[in-house]
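Next up, input-v7.cif (mmCIF, C-alpha atoms and all ligand atoms):
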data_upload
loop_
_atom_site.label_atom_id
_atom_site.label_comp_id
_atom_site.auth_asym_id
_atom_site.auth_seq_id
_atom_site.Cartn_x
_atom_site.Cartn_y
_atom_site.Cartn_z
CA MET A 915 92.84 111.98 32.43
CA LYS A 916 92.39 108.41 33.55
CA THR A 917 91.32 105.50 31.36
CA THR A 918 89.18 102.68 32.74
CA ILE A 919 89.20 99.22 31.21
CA SER A 920 86.19 97.11 32.17
CA MET A 921 86.04 93.45 31.22
CA ILE A 922 82.56 92.14 31.87
CA LYS A 923 81.54 88.63 30.85
CA ALA A 924 78.60 86.27 31.00
CA ASP A 925 77.37 83.01 29.55
CA VAL A 926 73.94 83.89 28.19
CA GLY A 927 73.54 80.76 26.08
CA GLY A 928 75.83 78.13 24.58
CA PHE A 929 75.99 76.70 21.08
CA PRO A 930 75.82 73.72 21.02
CA GLY A 931 75.59 72.87 24.73
CA HIS A 932 78.47 74.72 26.43
CA VAL A 933 80.88 74.83 23.43
CA SER A 934 80.76 78.30 21.90
CA VAL A 935 78.99 81.64 21.53
CA HIS A 936 76.56 81.77 18.58
CA PRO A 937 77.41 84.44 15.93
CA GLU A 938 74.00 86.07 16.49
CA LEU A 939 75.00 86.82 20.11
CA MET A 940 78.29 88.35 18.98
CA LYS A 941 76.33 90.43 16.47
CA ILE A 942 73.85 91.91 18.91
CA ALA A 943 76.65 92.77 21.37
CA GLU A 944 78.65 94.37 18.54
CA GLU A 945 75.64 96.46 17.43
CA MET A 946 74.76 97.67 20.91
CA LEU A 947 78.35 98.63 21.78
CA ALA A 948 78.88 100.37 18.42
CA LYS A 949 75.83 102.49 19.26
CA ALA A 950 77.14 103.23 22.78
CA LYS A 951 80.47 104.29 21.27
CA LYS A 952 78.75 106.56 18.78
CA GLU A 953 76.78 108.14 21.61
CA LYS A 954 80.10 108.62 23.48
CA LYS A 955 79.00 106.47 26.44
CA ILE A 956 82.22 104.50 26.00
CA THR A 957 85.50 105.38 24.27
CA ASP A 958 86.05 102.02 22.60
CA TYR A 959 85.12 98.36 22.86
CA PHE A 960 85.85 94.84 21.69
CA VAL A 961 83.46 91.90 21.74
CA GLY A 962 85.34 88.71 22.57
CA LYS A 963 84.40 85.13 23.28
CA CYS A 964 85.96 82.14 24.98
CA GLY A 965 84.01 78.89 24.83
CA ASP A 966 80.39 79.77 25.66
CA ASP A 967 81.28 83.04 27.40
CA LEU A 968 80.56 86.41 25.85
CA ASN A 969 83.26 88.90 26.89
CA LEU A 970 82.82 92.65 26.65
CA ILE A 971 86.02 94.71 26.79
CA LEU A 972 85.09 98.36 27.34
CA SER A 973 87.29 101.41 27.60
CA HIS A 974 85.87 104.62 29.09
CA THR A 975 86.61 107.45 31.52
CA LYS A 976 83.96 106.73 34.16
CA GLY A 977 86.02 104.75 36.69
CA VAL A 978 85.46 101.29 38.14
CA ASP A 979 82.06 100.14 39.44
CA ASN A 980 80.33 102.73 37.28
CA LYS A 981 76.56 102.34 37.14
CA GLU A 982 76.17 103.43 33.49
CA ILE A 983 78.90 101.06 32.30
CA HIS A 984 77.59 98.10 34.29
CA SER A 985 74.08 98.85 33.15
CA LEU A 986 75.23 98.92 29.50
CA ALA A 987 76.83 95.48 29.91
CA TRP A 988 73.71 94.20 31.66
CA ASP A 989 71.53 95.45 28.76
CA VAL A 990 73.80 93.67 26.24
CA PHE A 991 73.53 90.42 28.20
CA LYS A 992 69.76 90.83 28.52
CA ALA A 993 69.40 91.41 24.76
CA GLY A 994 71.72 88.45 24.13
CA THR A 995 69.50 86.31 26.36
CA GLU A 996 66.48 87.18 24.23
CA VAL A 997 68.35 86.11 21.08
CA ALA A 998 69.51 82.95 22.89
CA LYS A 999 65.93 82.14 23.92
CA LYS A 1000 64.70 82.53 20.34
CA LEU A 1001 67.42 80.17 19.05
CA LYS A 1002 66.85 77.93 22.10
CA LEU A 1003 70.58 78.06 22.84
CA TYR A 1004 71.67 76.05 25.83
CA GLY A 1005 71.25 77.70 29.22
CA ALA A 1006 69.86 80.98 27.83
CA GLY A 1007 70.50 83.66 30.42
CA GLN A 1008 72.52 81.16 32.50
CA ASP A 1009 74.68 83.75 34.25
CA LEU A 1010 72.02 86.41 34.83
CA LEU A 1011 70.81 85.57 38.30
CA SER A 1012 68.30 88.36 38.60
CA ASP A 1013 65.66 90.03 36.44
CA ALA A 1014 66.26 93.56 37.61
CA PHE A 1015 69.53 95.50 37.45
CA SER A 1016 70.57 96.79 40.87
CA GLY A 1017 73.13 99.44 39.90
CA ASN A 1018 76.23 97.24 40.03
CA ILE A 1019 76.64 94.08 38.00
CA ARG A 1020 78.85 92.47 40.66
CA GLY A 1021 76.98 89.79 42.57
CA MET A 1022 74.39 89.44 39.81
CA GLY A 1023 76.10 86.61 37.93
CA PRO A 1024 78.42 88.16 35.32
CA GLY A 1025 82.19 88.28 36.00
CA VAL A 1026 83.93 91.67 36.23
CA ALA A 1027 87.57 92.83 36.14
CA GLU A 1028 88.32 96.56 36.00
CA LEU A 1029 91.41 98.78 36.12
CA GLU A 1030 91.59 102.59 36.19
CA PHE A 1031 94.88 104.40 35.55
CA PRO A 1032 96.47 107.37 33.77
CA GLU A 1033 97.82 106.01 30.47
CA ARG A 1034 101.61 105.87 30.32
CA LYS A 1035 103.59 106.93 27.24
CA SER A 1036 102.90 103.45 25.93
CA GLU A 1037 100.34 101.23 27.61
CA PRO A 1038 100.28 97.55 26.56
CA ILE A 1039 97.51 95.52 28.20
CA ILE A 1040 96.64 91.84 27.97
CA CYS A 1041 93.02 90.77 28.41
CA PHE A 1042 92.70 87.12 29.43
CA MET A 1043 89.49 85.10 29.08
CA MET A 1044 89.05 81.56 30.42
CA ASP A 1045 86.32 78.97 29.98
CA LYS A 1046 85.48 75.77 31.91
CA THR A 1047 87.33 76.82 35.04
CA ASP A 1048 87.13 79.23 37.98
CA PRO A 1049 88.98 82.33 39.29
CA GLY A 1050 91.54 80.21 41.18
CA ALA A 1051 92.94 79.19 37.78
CA PHE A 1052 94.65 82.61 37.67
CA ASN A 1053 96.51 82.12 40.99
CA LEU A 1054 99.46 80.20 39.57
CA PRO A 1055 100.06 82.30 36.43
CA VAL A 1056 99.57 85.67 38.19
CA TYR A 1057 101.87 84.61 41.00
CA ARG A 1058 104.51 83.60 38.46
CA MET A 1059 104.23 86.81 36.39
CA PHE A 1060 104.74 89.14 39.35
CA ALA A 1061 106.71 87.10 41.89
CA ASP A 1062 108.66 84.24 40.31
CA PRO A 1063 112.16 85.21 39.10
CA PHE A 1064 112.37 81.93 37.16
CA ASN A 1065 109.42 83.15 35.10
CA THR A 1066 110.09 86.89 35.03
CA PRO A 1067 113.72 87.87 34.44
CA GLY A 1068 112.71 91.51 35.02
CA LEU A 1069 112.39 90.80 38.76
CA VAL A 1070 116.13 90.09 38.73
CA ILE A 1071 117.55 92.48 36.16
CA ASP A 1072 115.20 95.51 36.08
CA PRO A 1073 116.15 97.81 39.01
CA THR A 1074 112.62 99.31 39.08
CA MET A 1075 111.11 95.88 39.79
CA GLN A 1076 113.36 95.02 42.74
CA GLY A 1077 110.76 96.45 45.15
CA GLY A 1078 108.50 93.51 44.26
CA PHE A 1079 104.70 93.57 44.18
CA ARG A 1080 101.71 93.47 46.55
CA PHE A 1081 98.97 90.89 46.06
CA GLU A 1082 95.41 91.42 47.26
CA VAL A 1083 93.97 87.98 48.06
CA TYR A 1084 90.28 87.19 48.63
CA ASP A 1085 89.08 84.43 50.94
CA THR A 1086 85.94 83.42 49.00
CA VAL A 1087 84.64 81.26 51.84
CA GLN A 1088 84.72 83.82 54.67
CA GLY A 1089 84.34 86.92 52.49
CA ARG A 1090 87.49 88.65 53.77
CA LYS A 1091 90.68 89.88 52.13
CA ILE A 1092 94.38 90.25 52.89
CA THR A 1093 97.40 91.83 51.17
CA PHE A 1094 100.76 90.06 50.90
CA LYS A 1095 104.03 91.68 49.85
CA THR A 1096 106.47 89.72 47.70
CA PRO A 1097 109.26 88.73 47.75
CA GLU A 1098 109.25 89.13 51.59
CA GLU A 1099 106.01 87.21 52.22
CA MET A 1100 106.16 84.91 49.23
CA TYR A 1101 106.18 81.66 51.22
CA SER A 1102 103.24 82.73 53.41
CA MET A 1103 101.25 83.89 50.41
CA LEU A 1104 101.81 80.58 48.62
CA ALA A 1105 100.46 78.75 51.69
CA PHE A 1106 97.13 80.47 50.98
CA VAL A 1107 96.89 80.89 47.20
CA GLY A 1108 97.95 77.26 46.68
CA SER A 1109 94.41 76.48 47.94
CA ARG A 1110 92.97 77.90 44.77
CA SER A 1111 89.36 76.85 45.34
CA ARG A 1112 89.19 79.15 48.39
CA TYR A 1113 91.87 81.88 48.15
CA VAL A 1114 92.01 83.87 44.90
CA ILE A 1115 94.32 86.66 43.81
CA LYS A 1116 92.09 89.67 43.11
CA ARG A 1117 94.56 92.49 42.36
CA VAL A 1118 98.29 93.17 42.11
CA TYR A 1119 99.97 96.51 42.97
CA PRO A 1120 103.57 97.64 42.37
CA GLY A 1121 106.00 97.70 45.29
CA PRO A 1122 108.24 100.65 46.25
CA GLY A 1123 110.59 102.05 43.60
CA ASN A 1124 108.42 101.04 40.62
CA LYS A 1125 107.71 103.53 37.82
CA VAL A 1126 104.00 102.86 38.38
CA PRO A 1127 102.62 104.38 41.64
CA GLU A 1128 102.08 101.94 44.49
CA ASN A 1129 98.33 102.64 44.73
CA GLU A 1130 97.66 101.85 41.04
CA ALA A 1131 96.49 98.26 40.43
CA VAL A 1132 98.28 96.66 37.48
CA CYS A 1133 96.32 93.40 37.38
CA CYS A 1134 92.70 92.57 38.19
CA VAL A 1135 90.96 89.19 38.13
CA SER A 1136 87.19 88.58 38.15
CA THR A 1137 86.53 86.60 41.32
CA GLU A 1138 82.76 86.20 41.23
CA LYS A 1139 81.72 82.73 42.34
CA LEU A 1140 78.37 81.90 40.78
CA SER A 1141 77.62 78.99 43.07
CA GLN A 1142 78.14 81.15 46.14
CA ILE A 1143 75.76 83.75 44.75
CA ALA A 1144 73.10 81.34 43.50
CA GLY A 1145 73.54 78.69 46.23
CA GLN A 1146 73.59 75.93 43.63
CA TYR A 1147 75.55 74.85 40.57
CA VAL A 1148 74.65 77.10 37.65
CA GLY A 1149 77.83 76.72 35.59
CA LYS A 1150 81.44 77.53 36.38
CA ASP A 1151 82.76 80.99 37.05
CA ASP A 1152 84.83 81.18 33.86
CA PRO A 1153 87.03 84.14 34.86
CA VAL A 1154 88.68 87.05 33.04
CA ALA A 1155 91.67 89.22 33.95
CA ILE A 1156 93.40 92.40 32.78
CA VAL A 1157 97.17 92.79 33.11
CA ARG A 1158 99.23 95.90 32.30
CA ALA A 1159 102.74 95.26 30.97
CA GLN A 1160 106.24 96.71 30.41
CA SER A 1161 108.22 99.60 31.89
CA GLY A 1162 108.59 98.47 35.49
CA LEU A 1163 105.88 95.82 35.10
CA PRO A 1164 106.43 92.35 33.64
CA ALA A 1165 107.12 92.56 29.87
CA VAL A 1166 104.41 91.15 27.58
CA GLY A 1167 106.45 87.96 27.17
CA GLU A 1168 106.80 87.64 30.95
CA VAL A 1169 103.04 88.04 31.38
CA LEU A 1170 102.44 85.24 28.85
CA GLU A 1171 105.17 82.84 29.91
CA PRO A 1172 103.25 81.13 32.78
CA PHE A 1173 100.68 79.89 30.24
CA SER A 1174 103.31 77.81 28.44
CA PHE A 1175 102.69 75.33 31.29
CA PRO A 1176 99.22 73.74 31.03
CA HIS A 1177 98.64 73.57 34.79
CA LEU A 1178 95.71 71.65 36.26
CA VAL A 1179 92.65 73.75 37.03
CA ALA A 1180 89.18 72.99 38.41
CA GLY A 1181 86.21 73.00 36.03
CA TRP A 1182 85.85 71.01 32.83
CA MET A 1183 82.77 68.71 32.57
CA ARG A 1184 79.94 69.88 34.87
CA GLY A 1185 82.44 72.17 36.62
CA SER A 1186 83.57 69.10 38.56
CA HIS A 1187 86.88 67.93 37.15
CA GLN A 1188 90.57 68.80 37.17
CA GLY A 1189 92.06 69.34 33.75
CA PRO A 1190 94.95 71.10 32.00
CA LEU A 1191 94.50 74.76 31.01
CA MET A 1192 95.03 74.95 27.25
CA PRO A 1193 96.12 78.30 25.76
CA CYS A 1194 94.52 78.88 22.34
CA SER A 1195 93.25 81.50 19.91
CA MET A 1196 89.76 82.92 20.21
CA GLU A 1197 88.67 80.77 17.24
CA GLN A 1198 90.15 77.65 18.83
CA ALA A 1199 88.50 78.31 22.18
CA THR A 1200 85.78 75.73 21.60
CA PRO A 1201 85.87 73.21 24.46
CA THR A 1202 84.46 70.02 22.96
CA ARG A 1203 86.29 67.07 24.52
CA LEU A 1204 84.17 66.30 27.58
CA ASP A 1205 83.31 70.04 27.37
CA GLY A 1206 87.00 70.82 27.58
CA PRO A 1207 89.80 70.81 28.25
CA PRO A 1208 89.61 74.24 29.96
CA ARG A 1209 90.78 77.12 27.74
CA VAL A 1210 92.57 80.44 28.08
CA VAL A 1211 92.66 83.17 25.41
CA ALA A 1212 94.93 86.24 25.58
CA LEU A 1213 94.09 89.40 23.63
CA GLY A 1214 96.82 92.04 23.46
CA PHE A 1215 96.04 95.74 23.00
CA GLN A 1216 97.97 99.01 23.00
CA LEU A 1217 95.92 101.80 24.51
CA ALA A 1218 95.94 105.14 22.74
CA ASP A 1219 93.85 107.72 24.64
CA GLY A 1220 91.31 105.05 25.45
CA LYS A 1221 91.31 103.59 21.96
CA LEU A 1222 91.86 99.82 22.05
CA VAL A 1223 94.49 99.32 19.37
CA GLY A 1224 94.16 95.62 18.60
CA PRO A 1225 93.44 92.94 19.47
CA PHE A 1226 96.42 90.74 18.76
CA ASP A 1227 95.25 87.16 19.38
CA ILE A 1228 98.36 85.99 21.21
CA PHE A 1229 97.95 82.25 21.75
CA ALA A 1230 97.29 81.75 18.01
CA ASP A 1231 101.08 81.78 17.76
CA VAL A 1232 102.87 78.51 16.91
CA ALA A 1233 104.98 78.99 20.05
CA TYR A 1234 102.06 77.51 22.02
CA ASP A 1235 101.69 74.37 19.82
CA TYR A 1236 103.87 72.40 22.21
CA THR A 1237 101.77 73.50 25.22
CA ARG A 1238 98.57 72.48 23.43
CA GLN A 1239 100.05 69.10 22.59
CA LYS A 1240 101.09 68.63 26.20
CA ALA A 1241 97.62 69.74 27.38
CA ASN A 1242 96.04 67.11 25.10
CA LYS A 1243 98.32 64.44 26.57
CA ILE A 1244 97.45 65.49 30.12
CA ALA A 1245 93.75 65.57 29.20
CA GLU A 1246 94.03 62.01 27.92
CA TYR A 1247 95.80 60.90 31.10
CA MET A 1248 93.30 62.62 33.43
CA ARG A 1249 90.30 61.23 31.49
CA ARG A 1250 91.42 57.66 32.17
CA HIS A 1251 90.56 58.23 35.85
CA GLY A 1252 86.86 58.51 34.95
CA PRO A 1253 84.84 59.27 38.10
CA PHE A 1254 87.83 58.95 40.44
CA GLU A 1255 89.77 61.73 42.15
CA PRO A 1256 91.97 63.57 41.36
CA HIS A 1257 90.19 63.89 37.97
CA ARG A 1258 86.86 64.41 39.70
CA LEU A 1259 87.03 67.24 42.23
CA PRO A 1260 87.18 66.39 45.95
CA GLU A 1261 83.88 66.20 47.81
CA GLU A 1262 84.12 69.64 49.44
CA ASP A 1263 84.42 71.32 46.04
CA LEU A 1264 81.29 69.54 44.83
CA GLU A 1265 79.02 70.96 47.51
CA TYR A 1266 76.96 72.91 44.98
CA THR A 1267 76.47 70.02 42.54
CA ASN A 1268 74.02 67.12 42.63
CA LEU A 1269 76.34 65.00 44.78
CA PRO A 1270 74.89 66.23 48.14
CA LYS A 1271 71.41 65.19 46.92
CA LEU A 1272 72.73 61.70 46.28
CA GLN A 1273 74.35 61.59 49.71
CA GLU A 1274 71.04 62.61 51.24
CA LYS A 1275 69.18 59.90 49.29
CA PHE A 1276 71.44 57.14 50.61
CA LYS A 1277 72.01 58.41 54.15
CA ASP A 1278 69.57 55.93 55.77
CA ARG A 1279 71.17 52.97 54.01
CA PHE A 1280 74.42 53.51 55.96
CA SER A 1281 74.94 51.49 59.14
CA LYS A 1282 77.67 51.71 61.76
CA ILE A 1283 80.84 49.70 61.12
P1 LIG B 1 110.85 97.62 29.34
O1 LIG B 1 111.62 97.74 30.62
O2 LIG B 1 110.85 98.85 28.50
O3 LIG B 1 109.46 97.13 29.59
O4 LIG B 1 111.59 96.52 28.42
C1 LIG B 1 111.64 95.20 28.76
C2 LIG B 1 111.43 94.37 27.55
O5 LIG B 1 110.72 94.73 26.63
C3 LIG B 1 112.07 93.06 27.56
O6 LIG B 1 111.51 92.15 26.66
P1 LIG B 2 79.95 76.60 31.53
O1 LIG B 2 80.20 77.05 32.94
O2 LIG B 2 81.01 77.05 30.60
O3 LIG B 2 78.57 77.00 31.09
O4 LIG B 2 80.04 75.02 31.52
C1 LIG B 2 79.15 74.29 32.31
C2 LIG B 2 79.28 72.82 32.16
O5 LIG B 2 78.55 72.13 32.82
C3 LIG B 2 80.26 72.22 31.27
O6 LIG B 2 80.19 70.82 31.26
MG MG B 3 77.45 77.34 29.54
MG MG B 4 81.54 79.01 30.12
#

In structure tokens, what does this structure look like?
Amino acid sequence: MKTTISMIKADVGGFPGHVSVHPELMKIAEEMLAKAKKEKKITDYFVGKCGDDLNLILSHTKGVDNKEIHSLAWDVFKAGTEVAKKLKLYGAGQDLLSDAFSGNIRGMGPGVAELEFPERKSEPIICFMMDKTDPGAFNLPVYRMFADPFNTPGLVIDPTMQGGFRFEVYDTVQGRKITFKTPEEMYSMLAFVGSRSRYVIKRVYPGPGNKVPENEAVCCVSTEKLSQIAGQYVGKDDPVAIVRAQSGLPAVGEVLEPFSFPHLVAGWMRGSHQGPLMPCSMEQATPTRLDGPPRVVALGFQLADGKLVGPFDIFADVAYDYTRQKANKIAEYMRRHGPFEPHRLPEEDLEYTNLPKLQEKFKDRFSKI
């Protein structure tokens, strides 16, 4: 029997502003999912949060893109929105772009990452949640986990990993996709995924010779772009991802290692600034300094017949103190640029903000040089 892990997230109201999820929202989600578990609609669940994003981690046997599962998540977000409205939380229902559920939550605002697979003898998974950034923030770490031998020693010394991995990459501008095989096409792939505002890694599959079959995705990232759905800025796309680990796949430590480098990601204040990605515990994921810096939380689980054994809140570990310190230093450095690039995003990445309105307002004041 196959297990499906669905990570579905939405910002349905921040407290205060865009900082965190109010305990009442966590409570209603917890209650509704406990009921769904009791009624055997899902096998297990965990309610997580990262900044102002409410993250539902669901395990079940219904496969990906399942209507009942998506509808359950939608109902939780709807109920959360009602609570948020009562408490007048900031941006109540922010990520729910429609009033009626259409059968699939994708394209309706919330972010979704799902994997379906037969559980191995032991099945460690890491569920990542980010706030104040967008799906492209996963490009660098996911590339490093599965394709960089300087990050992942297994690529060099585990014979079952020598066949490499295949990366499914989405072009979010033209709505098309492509698959690259590493290590053979590593340079070409980097030419694309280095442009992280446009090309995003959606899934990773094992290459030939791996213990995991080649058609079984081992990593999935939510790639929903809110602005492209809504046509205007309605908050960042604060992504999530699921990664399976060990036994032919990167070990847990290899999956986590890329996050020891606080790389620059797009997001932060008003979704319009570059800032360092700071790994932290779920409790520490409260972006306050200029609504940041952007955060990443990693929850580790062992799956046991669909039961989510965990979570282990990984970045709470002291091993990431140095990275946090470095992220704070980089945040300080970037902040000193104020409204100037490269702190502020380049013009083309601001097309859904208020900047175009300002350009329109002043267009007649320009004269030819
Ligand atoms: P596996 O090949 O069993 O995943 O072991 C690798 C490991 O755990 C190294 O840290
Ligand atoms: P969120 O996307 O997390 O709601 O943040 C929006 C924002 O404007 C932060 O400054
Ligand atoms: Mg928000
Ligand atoms: Mg958010």

Go through the chains and note each residue within 12 Å of ligand LIG 1 (chain B), using all atoms listed in the file, then give the set as a ChimeraX atom specification.
/A:1034-1038,1066-1069,1071-1075,1124-1126,1158-1171

Report as number ranges by chain which protein, DNA and RNA residues come within 8 Å of ligand MG 3 (chain B), using only C-alpha atoms and all ligand atoms.
A: 925-928, 931-933, 966-967, 1004-1005, 1008, 1149-1150

Closest of A:Lys1046, A:Arg1258, A:His1187, A:Lys1000 to ligand LIG 2 (chain B), counting all atoms listed in the file, is A:Lys1046

Using all atoms listed in the file, pick whichever of A:Ser1281, A:Asn1242, A:Thr957, A:Ser1109 has the shortest atom-to-atom distance to A:Pro1208.
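The closest residue to A:Pro1208 is A:Asn1242.
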
For A:Met946, find every residue with an atom within 10 Å (counting only C-alpha atoms), except residues of its own chain fewer than 2 positions away, and show them as number ranges by chain.
A: 941-944, 948-952, 986-987, 989-990, 993

Please provide as number ranges by chain all residues within 8 Å of A:Arg1110, with the sequence filter that same-chain residues fewer than 6 positions apart are discarded (counting all atoms listed in the file).
A: 1050-1051, 1053

Between A:Glu1028, A:Glu1098, A:Asp1045, A:Asp1205, which has the minimum distance to A:His974 (counting only C-alpha atoms)?
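The closest residue to A:His974 is A:Glu1028.
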
May I have the residues within 12 Å of A:Gly965 as a CSV table (one decimal) with C-alpha atoms, keeping the file's coordinate frame, using only C-alpha atoms and disregarding those fewer than 2 positions away in the same chain?
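That gives us selection_12.csv:
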chain,number,residue,atom,x,y,z
A,923,LYS,CA,81.5,88.6,30.8
A,924,ALA,CA,78.6,86.3,31.0
A,925,ASP,CA,77.4,83.0,29.6
A,926,VAL,CA,73.9,83.9,28.2
A,927,GLY,CA,73.5,80.8,26.1
A,928,GLY,CA,75.8,78.1,24.6
A,929,PHE,CA,76.0,76.7,21.1
A,930,PRO,CA,75.8,73.7,21.0
A,931,GLY,CA,75.6,72.9,24.7
A,932,HIS,CA,78.5,74.7,26.4
A,933,VAL,CA,80.9,74.8,23.4
A,934,SER,CA,80.8,78.3,21.9
A,935,VAL,CA,79.0,81.6,21.5
A,936,HIS,CA,76.6,81.8,18.6
A,962,GLY,CA,85.3,88.7,22.6
A,963,LYS,CA,84.4,85.1,23.3
A,967,ASP,CA,81.3,83.0,27.4
A,968,LEU,CA,80.6,86.4,25.8
A,969,ASN,CA,83.3,88.9,26.9
A,1043,MET,CA,89.5,85.1,29.1
A,1044,MET,CA,89.0,81.6,30.4
A,1045,ASP,CA,86.3,79.0,30.0
A,1046,LYS,CA,85.5,75.8,31.9
A,1047,THR,CA,87.3,76.8,35.0
A,1150,LYS,CA,81.4,77.5,36.4
A,1152,ASP,CA,84.8,81.2,33.9
A,1153,PRO,CA,87.0,84.1,34.9
A,1182,TRP,CA,85.8,71.0,32.8
A,1192,MET,CA,95.0,75.0,27.2
A,1194,CYS,CA,94.5,78.9,22.3
A,1195,SER,CA,93.2,81.5,19.9
A,1196,MET,CA,89.8,82.9,20.2
A,1197,GLU,CA,88.7,80.8,17.2
A,1198,GLN,CA,90.2,77.6,18.8
A,1199,ALA,CA,88.5,78.3,22.2
A,1200,THR,CA,85.8,75.7,21.6
A,1201,PRO,CA,85.9,73.2,24.5
A,1202,THR,CA,84.5,70.0,23.0
A,1205,ASP,CA,83.3,70.0,27.4
A,1206,GLY,CA,87.0,70.8,27.6
A,1207,PRO,CA,89.8,70.8,28.2
A,1208,PRO,CA,89.6,74.2,30.0
A,1209,ARG,CA,90.8,77.1,27.7
A,1210,VAL,CA,92.6,80.4,28.1
A,1211,VAL,CA,92.7,83.2,25.4

Please measure the separation of atom CA of A:Val1056 and atom CA of A:Pro1172, giving the value in Å to one decimal.
8.0 Å

Measure the distance from atom CA of A:Asp979 to atom O4 of ligand LIG 2 (chain B) in Å and round it to one decimal.
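Interatomic distance, atom CA of A:Asp979 to atom O4 of ligand LIG 2 (chain B): 26.4 Å.
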
A:Cys964, A:Ile1040, A:Ile1244, A:Leu1011: which is nearest ligand MG 4 (chain B), counting only C-alpha atoms and all ligand atoms?
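The closest residue to ligand MG 4 (chain B) is A:Cys964.
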
Which value, in Å to one decimal, gives the distance between atom CA of A:Gly1220 and atom CA of A:Val1083?
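Between atom CA of A:Gly1220 and atom CA of A:Val1083 the gap works out to 28.5 Å.
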
A:Leu1178 environment, 8 Å, only C-alpha atoms, sequence neighbours closer than 6 positions dropped, as an MDAnalysis selection string:
chainID A and resid 1188:1191
